[in-house]
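K.L.:
Here it is, the structure in full.
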Amino acid sequence: MTSRRNSPPRSRLTYLWIGLGATVLLFVVIPAALLSHVSDSYALVKETARVDARSAAKARNVAKQVYTDLMDGSPAQRREITLSEDEINGILALVARGIGGARGRANVTPLGIKGAFSLYVPKNPFGEYINVTATIDPSPTGLSVNNVTIGSLEISGELAVSLFESALNRLLGAEEFGSKLIGAIESVQVNNSELHVVYHPVAGLRHAIEQSRGRVKELRDDLAILGDPAQVGVYYQTLCGLHEQIGGLGNVPLGYYLSSVFSVAEKRSMAGGAAVDENRAALLALAIFLGSANFNSVIGAVDEQEFQTCPPVDDQVVLAGREDLRLHFVFSAALKIISDSGMSFAIGEFKELLDSQQGGSGFSFVDLAADRTGIRFAELALSDTGALRVQRMAAELTEEAVFFPAIDALPEGIPRREFEARGGIDGEYYKDYLATINARIEQLALYRGAAR
């Protein structure tokens, strides 16, 4: 006779099946159904506007103006910003250039501002693109969104604004600053294909943003998104020790610092550490010590006391004999970790476009060579096939020619008009020199034959 002593009651089995069904519904069926509705097989936006020095300068000036206006002044004051359709599309093109597979266009008409965005997503069973459209109506009483579509899903304008408002409220704290920020938009008008937005400052916004930064730091420390801060701290201390020994010897090549941290990374990997994790920690320590202490705000590896005894270096460490190229290399490598190579390189392009403006240092292919090499170095160091390669060649990194290309015959100081006359960053002039830079990088001993 079979015993039923250990058989669960029928009610428990029922609850088990209900729970399993609910889990499948929540984490499989619903997401799959949602993806099938938001994904498309085509891109709604085929191409973006041309990126040039004017759009780069406009993006910078708009961001600076809006930020300053919202932070400073009384809510009773009024601020206004005017953008043409070309300027809006130039800004969208600049942003899209930094987000791989993204395209955006805006059409400014008397009936409103119609925006369309397409994002390429990795191959999946549902579609290769996510298309988003939104319409902002002219309104004398604030922000009025007509409707939003994501793929075949339609969302009312009110719901879209409400969702965005709720997200801002959660980010900016308990005093409904998200609502206040949206409420700061007093009117949106279109005249002669130009967008006019009137808005007012938001009292206390600066303090709210500072508090939100604190919450982001807490979340950063809880999740350790960029890895273990203590691990980064080990490499920061390594850099401090090296700099104490050689920092007073004049200009020291960056390669000595790379060699030092990746030699330590090799030892730690041999002792059981994951090579990619060790390399990531080494690069982040370099970003803080030889780039900017501001990187520590998103890493959290160095406390104030250690900054007092061993502050980041701001001079005497060079790449190709120049401090600015060291910064380009280190910043780009760090941004590769924080974002992706497309975004970090776009930031370098943005900076060079600004420099090509009148009064700037001019567009520099030398700077872009340092940007691109920093990205390539990080790509290799963080890849499964390249992590150990970088560590094994650590001793050779003291020789700059092992990891950094020759910069001879690369133009610098190109004025905006001359650069744009040659086609800007979409022209063959730019593309040819970029191809030259990439070819020089791949011929170096560190990268030669390495998988991408």
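Chain labels A, B, ... are given in the sequence in which chains occur in the structure tokens; within each chain residues are numbered consecutively from 1, and ligands are likewise numbered from 1 in the order shown.
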Let's see if you can do this: from backbone DSSP, list all alpha helix (DSSP H) residues in region 44-269 of chain A, as a PyMOL selection string.
P.N.:
chain A and resi 53-71+85-97+157-172+177-183+205-223+229-246+254-269
K.L.:
I'd like the neighbourhood of region 310-319 of chain A as an MDAnalysis selection string, where a residue qualifies if any of its atoms comes within 8 Å (using only C-alpha atoms), though same-chain residues fewer than 6 positions away should be ignored.
P.N.:
chainID A and resid 240 247 250:255 288:293 325:326 400
K.L.:
Report, in Å with one decimal, the straight-line distance from CA of Arg103 (chain A) to CA of Asp426 (chain A).
P.N.:
15.0 Å
K.L.:
Could you name the residues that touch region 431-436 of chain A at 9 Å or less, counting only C-alpha atoms, but leaving out those on the same chain fewer than 5 positions away, as a PyMOL selection string?
P.N.:
chain A and resi 365+368-369+410-411+425-426+441
K.L.:
Could you list, as a PDB file with N, CA and C atoms, in the first residue's frame, every residue within 6 Å of region 270-285 of chain A, counting only C-alpha atoms and ignoring same-chain residues fewer than 3 positions away?
P.N.:
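Result file is around-v1.pdb:
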```
ATOM      1  N   VAL A 232      38.931  48.833  -6.491  1.00  0.00           N
ATOM      2  CA  VAL A 232      39.464  50.027  -7.155  1.00  0.00           C
ATOM      3  C   VAL A 232      40.455  50.730  -6.230  1.00  0.00           C
ATOM      4  N   TYR A 235      44.094  49.587  -6.403  1.00  0.00           N
ATOM      5  CA  TYR A 235      44.862  50.126  -7.536  1.00  0.00           C
ATOM      6  C   TYR A 235      45.158  51.611  -7.347  1.00  0.00           C
ATOM      7  N   TYR A 236      44.239  52.328  -6.708  1.00  0.00           N
ATOM      8  CA  TYR A 236      44.512  53.742  -6.418  1.00  0.00           C
ATOM      9  C   TYR A 236      45.739  53.854  -5.507  1.00  0.00           C
ATOM     10  N   VAL A 261      49.879  49.284 -12.677  1.00  0.00           N
ATOM     11  CA  VAL A 261      48.584  48.745 -12.237  1.00  0.00           C
ATOM     12  C   VAL A 261      48.261  47.417 -12.918  1.00  0.00           C
ATOM     13  N   ALA A 265      47.421  43.775 -11.510  1.00  0.00           N
ATOM     14  CA  ALA A 265      46.248  43.042 -11.978  1.00  0.00           C
ATOM     15  C   ALA A 265      46.610  41.617 -12.356  1.00  0.00           C
ATOM     16  N   LYS A 267      49.055  39.771 -11.116  1.00  0.00           N
ATOM     17  CA  LYS A 267      49.306  39.002  -9.889  1.00  0.00           C
ATOM     18  C   LYS A 267      47.995  38.628  -9.203  1.00  0.00           C
ATOM     19  N   ILE A 288      40.433  58.105 -11.816  1.00  0.00           N
ATOM     20  CA  ILE A 288      40.390  59.009 -10.663  1.00  0.00           C
ATOM     21  C   ILE A 288      41.735  59.698 -10.468  1.00  0.00           C
ATOM     22  N   LEU A 382      38.949  44.812 -21.214  1.00  0.00           N
ATOM     23  CA  LEU A 382      37.702  44.323 -20.628  1.00  0.00           C
ATOM     24  C   LEU A 382      37.073  43.174 -21.415  1.00  0.00           C
ATOM     25  N   ALA A 387      41.766  40.408 -21.877  1.00  0.00           N
ATOM     26  CA  ALA A 387      42.099  40.827 -20.509  1.00  0.00           C
ATOM     27  C   ALA A 387      43.464  40.311 -20.075  1.00  0.00           C
TER      28      ALA A 387
END
```
K.L.:
Given only C-alpha atoms as the basis, pick out the residue of A:Val45, A:Leu388, A:Ala208, A:Ala378 nearest to Ala106 (chain A).
P.N.:
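Smallest separation from Ala106 (chain A) among the options: A:Val45.
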K.L.:
Counting only C-alpha atoms, figure out which residue out of A:Ile113, A:Ala76, A:Leu444, A:Ile130 gets nearest to Ala401 (chain A).
P.N.:
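Closest candidate: A:Leu444.
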K.L.:
From the set A:Ala203, A:Asp303, A:Phe419, A:Ser74, which residue has the shortest atom-to-atom contact distance to Arg54 (chain A), counting only C-alpha atoms?
P.N.:
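Closest residue, counting only C-alpha atoms: A:Phe419.
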K.L.:
My list of candidates is A:Thr68, A:Ser139, A:Thr398, A:Ser364. Which is closest to Asp324 (chain A) when distances are computed with only C-alpha atoms?
P.N.:
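Comparing A:Thr68, A:Ser139, A:Thr398, A:Ser364 against Asp324 (chain A), the winner is A:Ser364.
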K.L.:
Ranking A:Leu181, A:Met393, A:Leu171, A:Leu44 by minimum distance to Ala445 (chain A) and counting only C-alpha atoms, which one comes first?
P.N.:
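The shortest atom-to-atom distance to Ala445 (chain A) comes from A:Met393.
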K.L.:
From the options A:Ser259, A:Gln189, A:Gln77, A:Thr82, which residue's atoms come nearest to Leu111 (chain A), counting only C-alpha atoms?
P.N.:
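The shortest atom-to-atom distance to Leu111 (chain A) comes from A:Gln189.
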K.L.:
Go through region 79-183 of chain A and flag each residue having an atom no more than 10 Å from region 192-197 of chain A; for those, report the closest pair of atoms plus their distance in Å to one decimal, using only C-alpha atoms, ordered by chain and rising number, as JSON lines.
P.N.:
```
{"residue": "A:Arg79", "atom": "CA", "partner": "A:Val197", "partner_atom": "CA", "distance": 8.3}
{"residue": "A:Glu80", "atom": "CA", "partner": "A:Val197", "partner_atom": "CA", "distance": 5.6}
{"residue": "A:Ile81", "atom": "CA", "partner": "A:Val197", "partner_atom": "CA", "distance": 5.5}
{"residue": "A:Thr82", "atom": "CA", "partner": "A:His196", "partner_atom": "CA", "distance": 4.6}
{"residue": "A:Leu83", "atom": "CA", "partner": "A:Leu195", "partner_atom": "CA", "distance": 5.2}
{"residue": "A:Ser84", "atom": "CA", "partner": "A:Glu194", "partner_atom": "CA", "distance": 4.4}
{"residue": "A:Glu85", "atom": "CA", "partner": "A:Glu194", "partner_atom": "CA", "distance": 6.3}
{"residue": "A:Asp86", "atom": "CA", "partner": "A:Glu194", "partner_atom": "CA", "distance": 9.2}
{"residue": "A:Glu87", "atom": "CA", "partner": "A:Glu194", "partner_atom": "CA", "distance": 9.4}
{"residue": "A:Ile88", "atom": "CA", "partner": "A:Leu195", "partner_atom": "CA", "distance": 8.9}
{"residue": "A:Asn107", "atom": "CA", "partner": "A:Ser193", "partner_atom": "CA", "distance": 8.7}
{"residue": "A:Val108", "atom": "CA", "partner": "A:Ser193", "partner_atom": "CA", "distance": 5.5}
{"residue": "A:Thr109", "atom": "CA", "partner": "A:Ser193", "partner_atom": "CA", "distance": 5.8}
{"residue": "A:Pro110", "atom": "CA", "partner": "A:Ser193", "partner_atom": "CA", "distance": 7.1}
{"residue": "A:Gly112", "atom": "CA", "partner": "A:Leu195", "partner_atom": "CA", "distance": 9.0}
{"residue": "A:Ile113", "atom": "CA", "partner": "A:Leu195", "partner_atom": "CA", "distance": 8.1}
{"residue": "A:Pro138", "atom": "CA", "partner": "A:Leu195", "partner_atom": "CA", "distance": 9.1}
{"residue": "A:Ser139", "atom": "CA", "partner": "A:Val197", "partner_atom": "CA", "distance": 9.8}
{"residue": "A:Pro140", "atom": "CA", "partner": "A:Val197", "partner_atom": "CA", "distance": 9.7}
{"residue": "A:Gly142", "atom": "CA", "partner": "A:Val197", "partner_atom": "CA", "distance": 9.1}
{"residue": "A:Leu143", "atom": "CA", "partner": "A:Val197", "partner_atom": "CA", "distance": 9.4}
```
K.L.:
Next, write the just-selected residues to a file, as an mmCIF file, in the first residue's frame, keeping N, CA and C atoms as the atom set.
P.N.:
```cif
data_model
loop_
_atom_site.group_PDB
_atom_site.id
_atom_site.type_symbol
_atom_site.label_atom_id
_atom_site.label_comp_id
_atom_site.auth_asym_id
_atom_site.auth_seq_id
_atom_site.Cartn_x
_atom_site.Cartn_y
_atom_site.Cartn_z
ATOM 1 N N ARG A 79 11.726 83.347 -18.077
ATOM 2 C CA ARG A 79 12.854 83.069 -18.960
ATOM 3 C C ARG A 79 12.300 82.565 -20.294
ATOM 4 N N GLU A 80 13.051 82.735 -21.355
ATOM 5 C CA GLU A 80 12.582 82.281 -22.660
ATOM 6 C C GLU A 80 13.745 81.748 -23.465
ATOM 7 N N ILE A 81 13.475 80.705 -24.216
ATOM 8 C CA ILE A 81 14.476 80.151 -25.128
ATOM 9 C C ILE A 81 13.812 79.915 -26.478
ATOM 10 N N THR A 82 14.562 80.212 -27.543
ATOM 11 C CA THR A 82 14.050 80.063 -28.905
ATOM 12 C C THR A 82 14.973 79.153 -29.699
ATOM 13 N N LEU A 83 14.377 78.173 -30.364
ATOM 14 C CA LEU A 83 15.147 77.230 -31.165
ATOM 15 C C LEU A 83 14.483 77.051 -32.522
ATOM 16 N N SER A 84 15.289 77.074 -33.569
ATOM 17 C CA SER A 84 14.760 76.784 -34.897
ATOM 18 C C SER A 84 14.675 75.277 -35.090
ATOM 19 N N GLU A 85 13.966 74.868 -36.118
ATOM 20 C CA GLU A 85 13.868 73.434 -36.407
ATOM 21 C C GLU A 85 15.243 72.842 -36.697
ATOM 22 N N ASP A 86 16.075 73.583 -37.431
ATOM 23 C CA ASP A 86 17.416 73.094 -37.741
ATOM 24 C C ASP A 86 18.249 72.935 -36.474
ATOM 25 N N GLU A 87 18.119 73.876 -35.537
ATOM 26 C CA GLU A 87 18.889 73.791 -34.296
ATOM 27 C C GLU A 87 18.429 72.604 -33.451
ATOM 28 N N ILE A 88 17.132 72.378 -33.392
ATOM 29 C CA ILE A 88 16.615 71.222 -32.642
ATOM 30 C C ILE A 88 17.138 69.926 -33.247
ATOM 31 N N ASN A 107 9.977 67.967 -36.385
ATOM 32 C CA ASN A 107 9.356 68.812 -37.396
ATOM 33 C C ASN A 107 8.545 69.884 -36.672
ATOM 34 N N VAL A 108 8.939 71.137 -36.853
ATOM 35 C CA VAL A 108 8.281 72.250 -36.173
ATOM 36 C C VAL A 108 7.299 72.902 -37.135
ATOM 37 N N THR A 109 6.025 72.824 -36.799
ATOM 38 C CA THR A 109 4.966 73.405 -37.634
ATOM 39 C C THR A 109 4.052 74.251 -36.754
ATOM 40 N N PRO A 110 3.222 75.101 -37.354
ATOM 41 C CA PRO A 110 2.269 75.884 -36.544
ATOM 42 C C PRO A 110 1.335 75.017 -35.713
ATOM 43 N N GLY A 112 2.286 72.273 -34.143
ATOM 44 C CA GLY A 112 2.993 71.656 -33.030
ATOM 45 C C GLY A 112 4.356 71.137 -33.416
ATOM 46 N N ILE A 113 5.014 70.535 -32.447
ATOM 47 C CA ILE A 113 6.337 69.962 -32.659
ATOM 48 C C ILE A 113 6.180 68.458 -32.675
ATOM 49 N N PRO A 138 1.245 73.481 -29.368
ATOM 50 C CA PRO A 138 1.399 74.845 -28.851
ATOM 51 C C PRO A 138 0.387 75.072 -27.724
ATOM 52 N N SER A 139 0.831 75.711 -26.667
ATOM 53 C CA SER A 139 -0.058 75.922 -25.526
ATOM 54 C C SER A 139 0.365 77.166 -24.764
ATOM 55 N N PRO A 140 -0.577 78.040 -24.428
ATOM 56 C CA PRO A 140 -0.245 79.222 -23.632
ATOM 57 C C PRO A 140 -0.273 78.944 -22.135
ATOM 58 N N GLY A 142 1.269 75.982 -20.542
ATOM 59 C CA GLY A 142 2.188 74.953 -20.068
ATOM 60 C C GLY A 142 2.470 73.889 -21.101
ATOM 61 N N LEU A 143 2.986 72.745 -20.636
ATOM 62 C CA LEU A 143 3.344 71.649 -21.522
ATOM 63 C C LEU A 143 2.105 70.844 -21.888
#
```
K.L.:
Extract, using only C-alpha atoms, all DNA, RNA and protein residues at most 12 Å from Asp72 (chain A), discarding same-chain residues fewer than 6 positions from it, and format them as a PyMOL selection string.
P.N.:
chain A and resi 65-66+78-79+200-207
